[in-house]
Amino acid sequence: MELLSKISFNLQSGFDETVTALTKEAVEKRIPPDEIMNIGLIAGMNIVGEKFKNHEIFLPDVLLAARAMNCAMEVLKPLLIKDGIPIKGKVVIGSVKNDLHDIGKNLVAILLKGAGFEVIDLGNDVPAEKFIRVAAEENADVIGMSALLTTTMPVMKKVVDMAKDEGLYSEVKIMVGGAPVSKAFALEIGADAYSYDGANAVETVESFFRENS
Amino acid sequence: MKKLLERLHNGEILVADGAMGTMLFERGLKSGECPEELNLSRIDILEDIARLYLDAGAEIIQTNTFGGSPLKLASYSLEDEAPLINRNAVSAVKGVVAGRAYVMASCGPCGKILKPYGDTDPEVIFDSFEIQMQAFAESGCDVICIETMMDLREMLLALKAAKKKAPGIPVMATMTYDATTKGFFTIMGDTIEKTSRELEAAGADVIGSNCGNGIENMIRIAEEYRKHTSLPLIIQSNAGLPLIEDGKLVYPETPEFMALKAKELVDIGVSIIGGCCGTTPEHIRAIKKALGSNLSS
């Protein structure tokens, strides 16, 4: 699959226009859209994620690759829906209330999308109630929360407590991350997992689905 | 009061203050509210915090303006109030310290990612910082501290805005690094070596690091800085990564521990030592006491 490795290669370099053009070409050549997605785009993003994890590349490279992925997905999405390709799982994600930054959270969203998950990004300053409401409405599999400021971390505990109260705790896996968050903290508040970076967040979500199957 | 830079170049060691955010939350700031809005409505809280740090022995006291750039304030629809928000914060601290400490105007990230990686033009970010720096200049702070930056390019925009709008006011520039197996990097991939070189070239007067992951990492960061620059260094560490105990956030590093490590920072050649998240007036008091023999004031 010469063309699909070309897609993967150009995606890793963040060439969004080339990736989009190659994706269109692949569609015209009647390569199945899920193959284009898995062997071209997701394979490329996996390499990007791996390099990021090993500190060989940094956030700027990941952002560019993600943009290329998103452009190509715009081409593929209607075809995937038409073919009834099932999504891998649904993740509701956001930065907790009153936090300053959403760089880390955006990165996790990008890499999860890159790995083929459906991501509902609630953005920044997300109150606990909203995580719970959207997760219930959307029948999500995972709630992912990020905090940059230590002062906002208690919101994470509130979400876990609310999930217990609302009977969601056994249905939804809760994952936390962000600069000040630690594994001990995640255990303490009753979250299912802690992720130390974007690539690890993808591995963690993948592991949730392996447990389930 | 003697000029700050003169004292640093004479080899004096100065103690700065500790965390602002935690102090604000303890005094009624609610999660989801804009911390800088207090600069319009609750000057008394700003004065109270400045007084506590002054009493603890801090010689450099920061203002509540970390999120005071119009771009950042826009997420609370307060962008038009930016000049007043910044001026009020400086005036509040200035009134309390009354010449007994330096007033350090804090400037944090704008919350946007620069093109081509993000969606924001450098001009937009520069304009926003200009407005904040202009307000700092008008209100007469002693020093500006651009802090918690994770993108060197954004830092350089803020620094340029400071030098343009507040010429004559010294600027400190501190970045936040992650410890990786390959060394320290900002999330955008900037190294300490590159940061040192570019900040020095852009006219920063004092450089260093803040926040981070505990004071022991800061010792390694300071060593790395010292290899690459002869500028005075500032380190404002957090008190480690917090845990929740009985529903409250607890930071692991005690005043005694941080004070002990602060001495190591002085040995490396750090000129200004303060605190970030989780540090309290008690931490500052302990650091001040531990450095007693190094302080010449």
# chains A, B, ... in the order shown; residues from 1 in each chain; ligands from 1
>>> interface_residues(of="chain B", to="chain A", cutoff="7 Å", atoms="only C-alpha atoms", output="list of chain:residue names")
B:Thr22, B:Ser31, B:Gly32, B:Glu33, B:Gly111, B:Tyr117, B:Ile187, B:Met188, B:Gly189, B:Leu241, B:Pro242, B:Leu243, B:Ile244
>>> select_by_dssp(residues="region 155-208 of chain A", states="helix (DSSP H, G or I)", output="PyMOL selection string")
chain A and resi 155-165+183-189+198-208
>>> select_by_dssp(residues="region 5-193 of chain A", states="strand (DSSP E or B)", output="list of chain:residue names")
A:Lys90, A:Val91, A:Val92, A:Ile93, A:Gly94, A:Ser95, A:Val96, A:Glu118, A:Val119, A:Ile120, A:Asp121, A:Val126, A:Val142, A:Ile143, A:Gly144, A:Met145, A:Ser146, A:Lys173, A:Ile174, A:Met175, A:Val176, A:Gly177, A:Ala193
>>> residues_around(residues="Ala193 (chain A)", least_positions_apart="6", cutoff="7 Å", atoms="only C-alpha atoms", output="list in words")
Ile174, Met175, Val176 and Ala186 of chain A
>>> atom_distance(atom1="CA of Cys145 (chain B)", atom2="CA of Ala147 (chain A)")
23.5 Å
